[in-house]
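As stored in start.txt (compact mmCIF, N, CA and C atoms and all ligand atoms):
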```
# COMPACT_ATOMS: atom_id res chain seq x y z
N MET A 1 12.66 12.41 11.38
CA MET A 1 12.40 11.25 10.50
C MET A 1 10.93 11.20 10.10
N GLU A 2 10.69 10.92 8.83
CA GLU A 2 9.32 10.86 8.34
C GLU A 2 8.80 9.40 8.36
N HIS A 3 7.50 9.28 8.50
CA HIS A 3 6.87 7.95 8.48
C HIS A 3 5.81 7.88 7.40
N THR A 4 5.62 6.68 6.86
CA THR A 4 4.55 6.47 5.88
C THR A 4 3.97 5.08 6.04
N LEU A 5 2.77 4.89 5.50
CA LEU A 5 2.15 3.56 5.56
C LEU A 5 2.29 2.87 4.20
N SER A 6 2.71 1.62 4.26
CA SER A 6 2.75 0.78 3.06
C SER A 6 1.87 -0.43 3.30
N ILE A 7 1.15 -0.82 2.26
CA ILE A 7 0.37 -2.07 2.32
C ILE A 7 0.78 -2.95 1.15
N ILE A 8 1.10 -4.20 1.45
CA ILE A 8 1.25 -5.19 0.39
C ILE A 8 -0.13 -5.79 0.19
N LYS A 9 -0.69 -5.59 -0.99
CA LYS A 9 -2.09 -5.94 -1.28
C LYS A 9 -2.25 -7.45 -1.49
N PRO A 10 -3.52 -7.92 -1.49
CA PRO A 10 -3.76 -9.37 -1.58
C PRO A 10 -3.07 -10.07 -2.74
N ASP A 11 -3.00 -9.44 -3.90
CA ASP A 11 -2.39 -10.13 -5.05
C ASP A 11 -0.93 -10.48 -4.80
N ALA A 12 -0.23 -9.61 -4.08
CA ALA A 12 1.21 -9.83 -3.83
C ALA A 12 1.45 -10.74 -2.63
N VAL A 13 0.60 -10.62 -1.59
CA VAL A 13 0.73 -11.53 -0.44
C VAL A 13 0.48 -12.96 -0.92
N GLU A 14 -0.55 -13.10 -1.75
CA GLU A 14 -0.93 -14.42 -2.28
C GLU A 14 0.20 -15.07 -3.10
N ARG A 15 0.97 -14.23 -3.79
CA ARG A 15 2.09 -14.77 -4.60
C ARG A 15 3.40 -14.84 -3.82
N ASN A 16 3.29 -14.70 -2.49
CA ASN A 16 4.48 -14.81 -1.63
C ASN A 16 5.57 -13.79 -1.96
N LEU A 17 5.15 -12.56 -2.27
CA LEU A 17 6.11 -11.51 -2.63
C LEU A 17 6.47 -10.61 -1.45
N THR A 18 5.94 -10.93 -0.27
CA THR A 18 6.14 -10.05 0.89
C THR A 18 7.62 -9.81 1.19
N GLU A 19 8.40 -10.87 1.28
CA GLU A 19 9.82 -10.69 1.64
C GLU A 19 10.57 -9.90 0.56
N GLU A 20 10.27 -10.17 -0.71
CA GLU A 20 10.93 -9.44 -1.80
C GLU A 20 10.60 -7.94 -1.75
N ILE A 21 9.35 -7.64 -1.49
CA ILE A 21 8.94 -6.23 -1.44
C ILE A 21 9.54 -5.55 -0.20
N LYS A 22 9.53 -6.24 0.93
CA LYS A 22 10.16 -5.67 2.14
C LYS A 22 11.63 -5.34 1.88
N SER A 23 12.32 -6.22 1.16
CA SER A 23 13.75 -5.98 0.92
C SER A 23 13.99 -4.79 0.00
N ILE A 24 13.04 -4.50 -0.89
CA ILE A 24 13.17 -3.30 -1.73
C ILE A 24 13.16 -2.05 -0.84
N PHE A 25 12.28 -2.04 0.15
CA PHE A 25 12.23 -0.89 1.07
C PHE A 25 13.52 -0.78 1.89
N THR A 26 13.92 -1.89 2.48
CA THR A 26 15.06 -1.82 3.41
C THR A 26 16.37 -1.52 2.67
N LYS A 27 16.50 -2.02 1.44
CA LYS A 27 17.70 -1.72 0.64
C LYS A 27 17.75 -0.26 0.20
N ASN A 28 16.59 0.40 0.21
CA ASN A 28 16.52 1.78 -0.26
C ASN A 28 16.32 2.78 0.89
N GLY A 29 16.79 2.42 2.06
CA GLY A 29 16.83 3.39 3.15
C GLY A 29 15.53 3.58 3.91
N LEU A 30 14.59 2.66 3.75
CA LEU A 30 13.36 2.73 4.53
C LEU A 30 13.34 1.58 5.54
N LYS A 31 13.21 1.96 6.80
CA LYS A 31 13.22 0.97 7.88
C LYS A 31 11.77 0.58 8.20
N ILE A 32 11.53 -0.70 8.38
CA ILE A 32 10.18 -1.18 8.74
C ILE A 32 10.10 -1.20 10.26
N ILE A 33 9.39 -0.22 10.84
CA ILE A 33 9.39 -0.11 12.30
C ILE A 33 8.19 -0.77 12.95
N ASN A 34 7.20 -1.15 12.15
CA ASN A 34 6.05 -1.87 12.68
C ASN A 34 5.40 -2.59 11.50
N SER A 35 4.87 -3.76 11.72
CA SER A 35 4.20 -4.47 10.62
C SER A 35 3.28 -5.55 11.16
N LYS A 36 2.31 -5.92 10.35
CA LYS A 36 1.44 -7.06 10.69
C LYS A 36 0.72 -7.55 9.45
N LYS A 37 0.43 -8.85 9.47
CA LYS A 37 -0.38 -9.45 8.40
C LYS A 37 -1.80 -9.56 8.93
N ILE A 38 -2.76 -9.00 8.18
CA ILE A 38 -4.16 -9.03 8.63
C ILE A 38 -5.09 -9.26 7.45
N HIS A 39 -6.32 -9.60 7.77
CA HIS A 39 -7.36 -9.73 6.74
C HIS A 39 -8.50 -8.82 7.18
N ILE A 40 -8.69 -7.70 6.48
CA ILE A 40 -9.69 -6.73 6.90
C ILE A 40 -11.05 -7.03 6.26
N SER A 41 -12.10 -6.49 6.88
CA SER A 41 -13.46 -6.66 6.35
C SER A 41 -13.69 -5.62 5.24
N LYS A 42 -14.75 -5.82 4.47
CA LYS A 42 -15.07 -4.86 3.42
C LYS A 42 -15.42 -3.50 4.04
N GLU A 43 -16.06 -3.51 5.21
CA GLU A 43 -16.40 -2.25 5.89
C GLU A 43 -15.14 -1.49 6.30
N GLU A 44 -14.14 -2.22 6.78
CA GLU A 44 -12.87 -1.56 7.14
C GLU A 44 -12.18 -1.01 5.90
N ALA A 45 -12.22 -1.76 4.81
CA ALA A 45 -11.61 -1.28 3.56
C ALA A 45 -12.33 -0.02 3.08
N ALA A 46 -13.65 0.00 3.24
CA ALA A 46 -14.45 1.16 2.82
C ALA A 46 -14.07 2.40 3.63
N GLU A 47 -13.80 2.20 4.91
CA GLU A 47 -13.37 3.31 5.77
C GLU A 47 -11.96 3.78 5.35
N PHE A 48 -11.08 2.83 5.14
CA PHE A 48 -9.70 3.16 4.76
C PHE A 48 -9.66 3.95 3.45
N TYR A 49 -10.47 3.54 2.48
CA TYR A 49 -10.44 4.14 1.15
C TYR A 49 -11.53 5.20 0.94
N LYS A 50 -12.07 5.75 2.04
CA LYS A 50 -13.24 6.64 1.89
C LYS A 50 -12.98 7.88 1.02
N VAL A 51 -11.72 8.31 0.90
CA VAL A 51 -11.41 9.44 0.00
C VAL A 51 -11.81 9.13 -1.44
N HIS A 52 -11.94 7.84 -1.75
CA HIS A 52 -12.29 7.43 -3.12
C HIS A 52 -13.77 7.08 -3.27
N GLN A 53 -14.59 7.46 -2.26
CA GLN A 53 -15.97 6.94 -2.28
C GLN A 53 -16.80 7.41 -3.48
N SER A 54 -16.42 8.51 -4.11
CA SER A 54 -17.19 8.96 -5.27
C SER A 54 -16.71 8.33 -6.58
N LYS A 55 -15.63 7.57 -6.53
CA LYS A 55 -15.06 7.01 -7.77
C LYS A 55 -15.83 5.78 -8.22
N PRO A 56 -15.90 5.58 -9.53
CA PRO A 56 -16.65 4.42 -10.05
C PRO A 56 -16.06 3.08 -9.60
N PHE A 57 -14.76 3.07 -9.27
CA PHE A 57 -14.12 1.81 -8.89
C PHE A 57 -14.12 1.55 -7.38
N TYR A 58 -14.78 2.44 -6.61
CA TYR A 58 -14.73 2.34 -5.14
C TYR A 58 -15.19 0.97 -4.59
N ASN A 59 -16.32 0.51 -5.06
CA ASN A 59 -16.86 -0.76 -4.54
C ASN A 59 -15.91 -1.93 -4.82
N ASP A 60 -15.41 -1.99 -6.05
CA ASP A 60 -14.47 -3.05 -6.43
C ASP A 60 -13.18 -2.95 -5.62
N LEU A 61 -12.74 -1.72 -5.41
CA LEU A 61 -11.49 -1.48 -4.67
C LEU A 61 -11.61 -2.00 -3.23
N CYS A 62 -12.74 -1.73 -2.59
CA CYS A 62 -12.97 -2.17 -1.21
C CYS A 62 -13.12 -3.68 -1.16
N ALA A 63 -13.81 -4.24 -2.14
CA ALA A 63 -13.97 -5.70 -2.21
C ALA A 63 -12.59 -6.34 -2.38
N TYR A 64 -11.78 -5.74 -3.22
CA TYR A 64 -10.46 -6.30 -3.49
C TYR A 64 -9.53 -6.26 -2.26
N LEU A 65 -9.46 -5.10 -1.60
CA LEU A 65 -8.53 -4.98 -0.45
C LEU A 65 -8.92 -5.92 0.68
N SER A 66 -10.20 -6.29 0.73
CA SER A 66 -10.67 -7.20 1.79
C SER A 66 -10.78 -8.65 1.30
N SER A 67 -10.27 -8.93 0.11
CA SER A 67 -10.45 -10.27 -0.48
C SER A 67 -9.47 -11.31 0.05
N GLY A 68 -8.44 -10.87 0.74
CA GLY A 68 -7.45 -11.82 1.26
C GLY A 68 -6.51 -11.10 2.20
N PRO A 69 -5.55 -11.83 2.78
CA PRO A 69 -4.62 -11.19 3.71
C PRO A 69 -3.79 -10.08 3.05
N ILE A 70 -3.49 -9.06 3.85
CA ILE A 70 -2.60 -7.97 3.43
C ILE A 70 -1.49 -7.85 4.46
N PHE A 71 -0.39 -7.22 4.06
CA PHE A 71 0.72 -7.01 4.99
C PHE A 71 0.93 -5.51 5.11
N VAL A 72 0.66 -4.96 6.30
CA VAL A 72 0.77 -3.51 6.48
C VAL A 72 2.03 -3.17 7.26
N MET A 73 2.67 -2.07 6.85
CA MET A 73 3.95 -1.68 7.44
C MET A 73 4.02 -0.18 7.69
N VAL A 74 4.70 0.21 8.75
CA VAL A 74 5.09 1.60 8.94
C VAL A 74 6.54 1.70 8.50
N LEU A 75 6.79 2.55 7.50
CA LEU A 75 8.15 2.76 7.00
C LEU A 75 8.68 4.07 7.56
N GLU A 76 9.94 4.05 7.95
CA GLU A 76 10.59 5.24 8.51
C GLU A 76 11.83 5.57 7.70
N GLY A 77 12.01 6.86 7.41
CA GLY A 77 13.22 7.29 6.72
C GLY A 77 13.11 8.74 6.30
N GLU A 78 14.20 9.23 5.74
CA GLU A 78 14.19 10.59 5.22
C GLU A 78 13.27 10.63 3.99
N ASP A 79 12.37 11.61 3.95
CA ASP A 79 11.41 11.71 2.84
C ASP A 79 10.69 10.38 2.58
N ALA A 80 10.28 9.72 3.65
CA ALA A 80 9.70 8.37 3.52
C ALA A 80 8.48 8.35 2.60
N VAL A 81 7.62 9.37 2.67
CA VAL A 81 6.40 9.37 1.85
C VAL A 81 6.77 9.37 0.37
N ALA A 82 7.60 10.32 -0.03
CA ALA A 82 7.98 10.44 -1.45
C ALA A 82 8.85 9.27 -1.90
N LYS A 83 9.73 8.83 -1.03
CA LYS A 83 10.61 7.71 -1.38
C LYS A 83 9.79 6.45 -1.64
N ASN A 84 8.81 6.20 -0.77
CA ASN A 84 7.95 5.02 -0.96
C ASN A 84 7.18 5.13 -2.27
N ARG A 85 6.63 6.32 -2.55
CA ARG A 85 5.86 6.50 -3.79
C ARG A 85 6.74 6.24 -5.01
N LYS A 86 8.00 6.67 -4.93
CA LYS A 86 8.93 6.47 -6.05
C LYS A 86 9.26 4.98 -6.22
N LEU A 87 9.46 4.29 -5.11
CA LEU A 87 9.76 2.86 -5.18
C LEU A 87 8.55 2.06 -5.69
N MET A 88 7.34 2.55 -5.38
CA MET A 88 6.11 1.87 -5.82
C MET A 88 5.91 1.98 -7.33
N GLY A 89 6.11 3.17 -7.87
CA GLY A 89 5.82 3.42 -9.28
C GLY A 89 4.38 3.85 -9.50
N ALA A 90 4.05 4.15 -10.75
CA ALA A 90 2.73 4.69 -11.10
C ALA A 90 1.61 3.71 -10.75
N THR A 91 0.41 4.27 -10.52
CA THR A 91 -0.76 3.48 -10.13
C THR A 91 -1.01 2.32 -11.10
N ASN A 92 -0.94 2.62 -12.40
CA ASN A 92 -1.11 1.57 -13.40
C ASN A 92 0.26 0.94 -13.71
N PRO A 93 0.44 -0.34 -13.39
CA PRO A 93 1.76 -0.98 -13.63
C PRO A 93 2.30 -0.77 -15.05
N LYS A 94 1.39 -0.63 -16.01
CA LYS A 94 1.82 -0.40 -17.41
C LYS A 94 2.60 0.91 -17.55
N ASP A 95 2.25 1.89 -16.71
CA ASP A 95 2.91 3.20 -16.80
C ASP A 95 4.07 3.35 -15.82
N ALA A 96 4.31 2.33 -15.02
CA ALA A 96 5.33 2.45 -13.96
C ALA A 96 6.75 2.36 -14.54
N GLU A 97 7.66 3.08 -13.92
CA GLU A 97 9.07 3.07 -14.32
C GLU A 97 9.68 1.68 -14.10
N PRO A 98 10.71 1.34 -14.91
CA PRO A 98 11.39 0.06 -14.71
C PRO A 98 11.89 -0.09 -13.27
N ASN A 99 11.85 -1.31 -12.77
CA ASN A 99 12.36 -1.65 -11.43
C ASN A 99 11.54 -1.12 -10.26
N THR A 100 10.41 -0.46 -10.54
CA THR A 100 9.53 -0.09 -9.44
C THR A 100 8.73 -1.35 -9.05
N ILE A 101 8.18 -1.33 -7.83
CA ILE A 101 7.45 -2.50 -7.33
C ILE A 101 6.26 -2.83 -8.24
N ARG A 102 5.55 -1.79 -8.66
CA ARG A 102 4.37 -2.06 -9.50
C ARG A 102 4.76 -2.55 -10.89
N LYS A 103 5.90 -2.06 -11.41
CA LYS A 103 6.35 -2.57 -12.72
C LYS A 103 6.79 -4.03 -12.59
N LEU A 104 7.50 -4.33 -11.51
CA LEU A 104 8.02 -5.68 -11.31
C LEU A 104 6.91 -6.68 -11.03
N TYR A 105 5.94 -6.28 -10.19
CA TYR A 105 5.00 -7.27 -9.66
C TYR A 105 3.53 -6.99 -9.95
N GLY A 106 3.16 -5.76 -10.31
CA GLY A 106 1.75 -5.42 -10.51
C GLY A 106 1.15 -6.20 -11.67
N ILE A 107 -0.13 -6.54 -11.50
CA ILE A 107 -0.82 -7.34 -12.52
C ILE A 107 -1.69 -6.43 -13.38
N SER A 108 -2.32 -5.44 -12.74
CA SER A 108 -3.27 -4.55 -13.42
C SER A 108 -3.47 -3.31 -12.55
N ILE A 109 -4.26 -2.35 -13.03
CA ILE A 109 -4.44 -1.10 -12.27
C ILE A 109 -5.07 -1.37 -10.89
N ASP A 110 -5.91 -2.38 -10.78
CA ASP A 110 -6.49 -2.68 -9.46
C ASP A 110 -5.58 -3.62 -8.65
N LYS A 111 -5.04 -4.65 -9.30
CA LYS A 111 -4.13 -5.57 -8.60
C LYS A 111 -2.70 -5.07 -8.78
N ASN A 112 -2.43 -3.92 -8.15
CA ASN A 112 -1.13 -3.28 -8.38
C ASN A 112 -0.17 -3.45 -7.19
N SER A 113 -0.40 -4.47 -6.41
CA SER A 113 0.55 -5.02 -5.42
C SER A 113 0.81 -4.21 -4.15
N VAL A 114 0.80 -2.88 -4.24
CA VAL A 114 1.10 -2.08 -3.05
C VAL A 114 0.26 -0.81 -2.96
N HIS A 115 0.07 -0.38 -1.72
CA HIS A 115 -0.49 0.95 -1.42
C HIS A 115 0.57 1.75 -0.70
N GLY A 116 0.60 3.06 -0.91
CA GLY A 116 1.48 3.93 -0.14
C GLY A 116 0.80 5.26 0.11
N SER A 117 0.96 5.79 1.31
CA SER A 117 0.36 7.10 1.63
C SER A 117 0.85 8.14 0.64
N ASP A 118 -0.05 9.11 0.32
CA ASP A 118 0.31 10.12 -0.69
C ASP A 118 0.76 11.46 -0.11
N SER A 119 0.74 11.61 1.22
CA SER A 119 1.20 12.84 1.86
C SER A 119 1.55 12.55 3.31
N VAL A 120 2.30 13.44 3.92
CA VAL A 120 2.66 13.26 5.34
C VAL A 120 1.39 13.26 6.20
N GLU A 121 0.46 14.13 5.84
CA GLU A 121 -0.80 14.23 6.59
C GLU A 121 -1.59 12.92 6.51
N ASN A 122 -1.75 12.40 5.30
CA ASN A 122 -2.48 11.13 5.15
C ASN A 122 -1.72 9.96 5.75
N ALA A 123 -0.40 10.03 5.75
CA ALA A 123 0.40 8.95 6.36
C ALA A 123 0.04 8.83 7.83
N LYS A 124 -0.09 9.95 8.52
CA LYS A 124 -0.44 9.93 9.96
C LYS A 124 -1.80 9.27 10.16
N ILE A 125 -2.77 9.67 9.33
CA ILE A 125 -4.13 9.12 9.44
C ILE A 125 -4.11 7.61 9.17
N GLU A 126 -3.38 7.22 8.12
CA GLU A 126 -3.36 5.80 7.72
C GLU A 126 -2.60 4.92 8.72
N ILE A 127 -1.52 5.46 9.28
CA ILE A 127 -0.77 4.70 10.31
C ILE A 127 -1.67 4.50 11.53
N ASP A 128 -2.37 5.55 11.94
CA ASP A 128 -3.30 5.43 13.07
C ASP A 128 -4.40 4.41 12.78
N PHE A 129 -4.87 4.41 11.55
CA PHE A 129 -5.96 3.48 11.18
C PHE A 129 -5.56 2.03 11.49
N PHE A 130 -4.34 1.67 11.17
CA PHE A 130 -3.92 0.27 11.36
C PHE A 130 -3.21 0.00 12.68
N PHE A 131 -2.56 1.01 13.27
CA PHE A 131 -1.70 0.72 14.41
C PHE A 131 -2.07 1.39 15.71
N LYS A 132 -3.12 2.23 15.71
CA LYS A 132 -3.54 2.84 16.97
C LYS A 132 -4.53 1.88 17.62
N ASN A 133 -4.34 1.58 18.92
CA ASN A 133 -5.26 0.58 19.47
C ASN A 133 -6.38 1.20 20.31
P1 LIG B 201 -2.41 5.12 -5.73
O1 LIG B 201 -2.63 3.76 -5.11
O2 LIG B 201 -1.31 5.09 -6.76
O3 LIG B 201 -2.27 6.22 -4.73
P2 LIG B 201 -5.12 6.10 -6.17
O4 LIG B 201 -5.52 7.03 -7.26
O5 LIG B 201 -5.06 6.63 -4.78
O6 LIG B 201 -3.73 5.42 -6.59
O7 LIG B 201 -6.14 4.88 -6.23
C1 LIG B 201 -6.20 3.96 -5.15
C2 LIG B 201 -6.26 2.56 -5.74
O8 LIG B 201 -7.47 2.42 -6.48
C3 LIG B 201 -5.15 2.24 -6.74
O9 LIG B 201 -3.96 1.77 -6.15
C4 LIG B 201 -5.80 1.16 -7.58
O10 LIG B 201 -5.69 -0.11 -6.94
C5 LIG B 201 -7.25 1.58 -7.60
N1 LIG B 201 -7.57 2.33 -8.82
C6 LIG B 201 -7.19 3.59 -9.13
N2 LIG B 201 -7.66 3.97 -10.32
C7 LIG B 201 -8.38 2.91 -10.76
C8 LIG B 201 -9.15 2.69 -11.97
O11 LIG B 201 -9.25 3.54 -12.85
N3 LIG B 201 -9.75 1.46 -12.07
C9 LIG B 201 -9.66 0.51 -11.10
N4 LIG B 201 -8.95 0.68 -9.97
C10 LIG B 201 -8.32 1.87 -9.81
MG MG B 202 -3.64 6.93 -3.32
```

Give the structure from the file, written as structure tokens.
Ligand code: IDP
Ligand code: MG
Amino acid sequence: MEHTLSIIKPDAVERNLTEEIKSIFTKNGLKIINSKKIHISKEEAAEFYKVHQSKPFYNDLCAYLSSGPIFVMVLEGEDAVAKNRKLMGATNPKDAEPNTIRKLYGISIDKNSVHGSDSVENAKIEIDFFFKN
């Protein structure tokens, strides 16, 4: 069984979309095996998103992820990484396929409601980041 990390970002937690988004995962064969609601610091967000540190949007991205509570989950299932990415939709909600989470709920390219690991390797790193004590 494969595992991946999903984050419901501040824009979606704030709009009380957590239960709706969780049900999209569970209805599509992804089991939520661990989860927590947390509010991370900008420094923690900077560490989490360090692969993007050279990007022009890095500072805003870190400020945004730490701007309010987030809901982090470990999803388990067959092809969990790819399945989650498909359910999320494209980074920019405008380009996302119909019925994907970002098409349904995303506000803009930065407030796009969810994060999902992009590979099995990064999923391990990201799960450890939030759930290894
Ligand atoms: P992903 O979340 O679909 O994997 P990434 O390219 O890994 O997309 O970017 C991480 C996050 O950075 C995105 O989810 C989005 O919130 C933000 N982001 C990506 N590209 C831009 C941009 O061009 N402007 C502002 N924010 C961006
Ligand atoms: Mg990414």

request  = Taking the DSSP assignment computed from this structure's backbone, write out as a ChimeraX atom specification all residues of chain A that belong to alpha helix (DSSP H).
outcome  = /A:10-14,18-27,42-48,58-65,80-88,101-105,120-131

ask   = Expressed in Å to a single decimal, how great is the separation between atom O8 of ligand LIG 201 (chain B) and atom N of Met1 of chain A?
value =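 Separation between atom O8 of ligand LIG 201 (chain B) and atom N of Met1 of chain A: 28.7 Å.
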
Considering only C-alpha atoms and all ligand atoms, tabulate each residue of chain A that lies at most 6 Å from ligand LIG 201 (chain B) along with its nearest interatomic pair and the corresponding distance in Å to one decimal; arrange the rows by chain and ascending residue number and present them as a Markdown table.
```
| residue | atom | partner | partner_atom | distance |
| --- | --- | --- | --- | --- |
| A:Phe57 | CA | B:LIG201 | C9 | 5.1 |
| A:Leu61 | CA | B:LIG201 | O8 | 5.9 |
| A:Ala90 | CA | B:LIG201 | O2 | 5.9 |
| A:Thr91 | CA | B:LIG201 | O2 | 3.8 |
| A:Ile109 | CA | B:LIG201 | N4 | 5.4 |
| A:Asp110 | CA | B:LIG201 | O10 | 3.7 |
| A:Lys111 | CA | B:LIG201 | O10 | 5.9 |
| A:Asn112 | CA | B:LIG201 | O10 | 5.7 |
| A:His115 | CA | B:LIG201 | O1 | 5.1 |
```

Write the selection just made, keeping N, CA and C atoms, as a short mmCIF file (atom, residue, chain, number, x, y, z; two decimals), keeping the file's coordinate frame?
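Output file out_13.cif follows:
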```cif
data_model
loop_
_atom_site.label_atom_id
_atom_site.label_comp_id
_atom_site.auth_asym_id
_atom_site.auth_seq_id
_atom_site.Cartn_x
_atom_site.Cartn_y
_atom_site.Cartn_z
N PHE A 57 -14.76 3.07 -9.27
CA PHE A 57 -14.12 1.81 -8.89
C PHE A 57 -14.12 1.55 -7.38
N LEU A 61 -12.74 -1.72 -5.41
CA LEU A 61 -11.49 -1.48 -4.67
C LEU A 61 -11.61 -2.00 -3.23
N ALA A 90 4.05 4.15 -10.75
CA ALA A 90 2.73 4.69 -11.10
C ALA A 90 1.61 3.71 -10.75
N THR A 91 0.41 4.27 -10.52
CA THR A 91 -0.76 3.48 -10.13
C THR A 91 -1.01 2.32 -11.10
N ILE A 109 -4.26 -2.35 -13.03
CA ILE A 109 -4.44 -1.10 -12.27
C ILE A 109 -5.07 -1.37 -10.89
N ASP A 110 -5.91 -2.38 -10.78
CA ASP A 110 -6.49 -2.68 -9.46
C ASP A 110 -5.58 -3.62 -8.65
N LYS A 111 -5.04 -4.65 -9.30
CA LYS A 111 -4.13 -5.57 -8.60
C LYS A 111 -2.70 -5.07 -8.78
N ASN A 112 -2.43 -3.92 -8.15
CA ASN A 112 -1.13 -3.28 -8.38
C ASN A 112 -0.17 -3.45 -7.19
N HIS A 115 0.07 -0.38 -1.72
CA HIS A 115 -0.49 0.95 -1.42
C HIS A 115 0.57 1.75 -0.70
#
```

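Candidate residues A:His3, A:Lys132, A:Lys103, A:Arg85 were compared for distance to ligand MG 202 (chain B), and the nearest is A:Arg85, using only C-alpha atoms and all ligand atoms.
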
task = May I have the residues within 8 Å of Asn84 of chain A as a ChimeraX atom specification, using only N, CA and C atoms and disregarding those fewer than 2 positions away in the same chain?
result = /A:4-6,25,30,78-82,86-89,115-117

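Atom CA of Glu44 of chain A lies 13.0 Å from atom CA of Gly68 of chain A.
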
Would you pick out the contacts of Asp11 of chain A at 6.5 Å or less, using only N, CA and C atoms, so that residues sharing its chain but fewer than 3 positions from it are not included, and give the list as a CSV table (one decimal) with N, CA and C atoms, in the frame of the given file?
```csv
chain,number,residue,atom,x,y,z
A,8,ILE,N,1.1,-4.2,1.4
A,8,ILE,CA,1.2,-5.2,0.4
A,8,ILE,C,-0.1,-5.8,0.2
A,14,GLU,N,-0.6,-13.1,-1.8
A,14,GLU,CA,-0.9,-14.4,-2.3
A,14,GLU,C,0.2,-15.1,-3.1
A,15,ARG,N,1.0,-14.2,-3.8
A,15,ARG,CA,2.1,-14.8,-4.6
A,15,ARG,C,3.4,-14.8,-3.8
A,16,ASN,N,3.3,-14.7,-2.5
A,16,ASN,CA,4.5,-14.8,-1.6
A,16,ASN,C,5.6,-13.8,-2.0
A,111,LYS,N,-5.0,-4.6,-9.3
A,111,LYS,CA,-4.1,-5.6,-8.6
A,111,LYS,C,-2.7,-5.1,-8.8
A,113,SER,N,-0.4,-4.5,-6.4
A,113,SER,CA,0.6,-5.0,-5.4
A,113,SER,C,0.8,-4.2,-4.2
```

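Inside chain A, the residues DSSP reads as strand (DSSP E) when given the backbone are A:Glu2, A:His3, A:Thr4, A:Leu5, A:Ser6, A:Ile7, A:Ile8, A:Lys31, A:Ile32, A:Ile33, A:Asn34, A:Ser35, A:Lys36, A:Lys37, A:Ile38, A:Ile70, A:Phe71, A:Val72, A:Met73, A:Val74, A:Leu75, A:Glu76, A:Gly77, A:Val114, A:His115, A:Gly116.
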
request  = Rank A:Ser119, A:Ile21, A:Gln53, A:Val13 by their smallest atom-to-atom distance to ligand MG 202 (chain B), using only N, CA and C atoms and all ligand atoms, and report the top residue only.
outcome  =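 Among A:Ser119, A:Ile21, A:Gln53, A:Val13, it is A:Ser119 that comes nearest to ligand MG 202 (chain B).
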
ask   = Which one is closest to ligand MG 202 (chain B): A:Tyr105, A:Glu47, A:Pro69, A:His52? Count only C-alpha atoms and all ligand atoms.
value =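 Nearest candidate to ligand MG 202 (chain B) out of A:Tyr105, A:Glu47, A:Pro69, A:His52: A:His52.
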
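Atom pair atom CA of Glu121 of chain A / atom CA of Lys55 of chain A has a distance of 21.5 Å (rounded to one decimal).
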
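Remark: for Phe71 of chain A, the closest of the candidate residues A:Lys31, A:Lys37, A:Lys83, A:Lys50 is A:Lys37 (distances computed over all atoms listed in the file).
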
inquiry  = Restricting the calculation to all atoms listed in the file: of A:Leu65, A:Met73, A:Glu19, A:His39, which residue gets closest to Ile127 of chain A?
reply    = A:Met73

Spatial neighbours of Phe48 of chain A, max dist 9 Å, only C-alpha atoms, sep filter under 3 positions, as a PDB file with N, CA and C atoms, keeping the file's coordinate frame:
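The file below, selection-v6.pdb, is the result:
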```
ATOM      1  N   GLU A  43     -16.060  -3.510   5.210  1.00  0.00           N
ATOM      2  CA  GLU A  43     -16.400  -2.250   5.890  1.00  0.00           C
ATOM      3  C   GLU A  43     -15.140  -1.490   6.300  1.00  0.00           C
ATOM      4  N   GLU A  44     -14.140  -2.220   6.780  1.00  0.00           N
ATOM      5  CA  GLU A  44     -12.870  -1.560   7.140  1.00  0.00           C
ATOM      6  C   GLU A  44     -12.180  -1.010   5.900  1.00  0.00           C
ATOM      7  N   ALA A  45     -12.220  -1.760   4.810  1.00  0.00           N
ATOM      8  CA  ALA A  45     -11.610  -1.280   3.560  1.00  0.00           C
ATOM      9  C   ALA A  45     -12.330  -0.020   3.080  1.00  0.00           C
ATOM     10  N   VAL A  51     -11.720   8.310   0.900  1.00  0.00           N
ATOM     11  CA  VAL A  51     -11.410   9.440   0.000  1.00  0.00           C
ATOM     12  C   VAL A  51     -11.810   9.130  -1.440  1.00  0.00           C
ATOM     13  N   CYS A  62     -12.740  -1.730  -2.590  1.00  0.00           N
ATOM     14  CA  CYS A  62     -12.970  -2.170  -1.210  1.00  0.00           C
ATOM     15  C   CYS A  62     -13.120  -3.680  -1.160  1.00  0.00           C
ATOM     16  N   GLU A 126      -3.380   7.220   8.120  1.00  0.00           N
ATOM     17  CA  GLU A 126      -3.360   5.800   7.720  1.00  0.00           C
ATOM     18  C   GLU A 126      -2.600   4.920   8.720  1.00  0.00           C
ATOM     19  N   PHE A 129      -4.870   4.410  11.550  1.00  0.00           N
ATOM     20  CA  PHE A 129      -5.960   3.480  11.180  1.00  0.00           C
ATOM     21  C   PHE A 129      -5.560   2.030  11.490  1.00  0.00           C
TER      22      PHE A 129
END
```

message = Using all atoms listed in the file for the distances, tell me which of A:Asp118, A:Gly106, A:Thr100, A:Ala12 is nearest to ligand MG 202 (chain B).
response =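 Between A:Asp118, A:Gly106, A:Thr100, A:Ala12, the residue approaching ligand MG 202 (chain B) most closely is A:Asp118.
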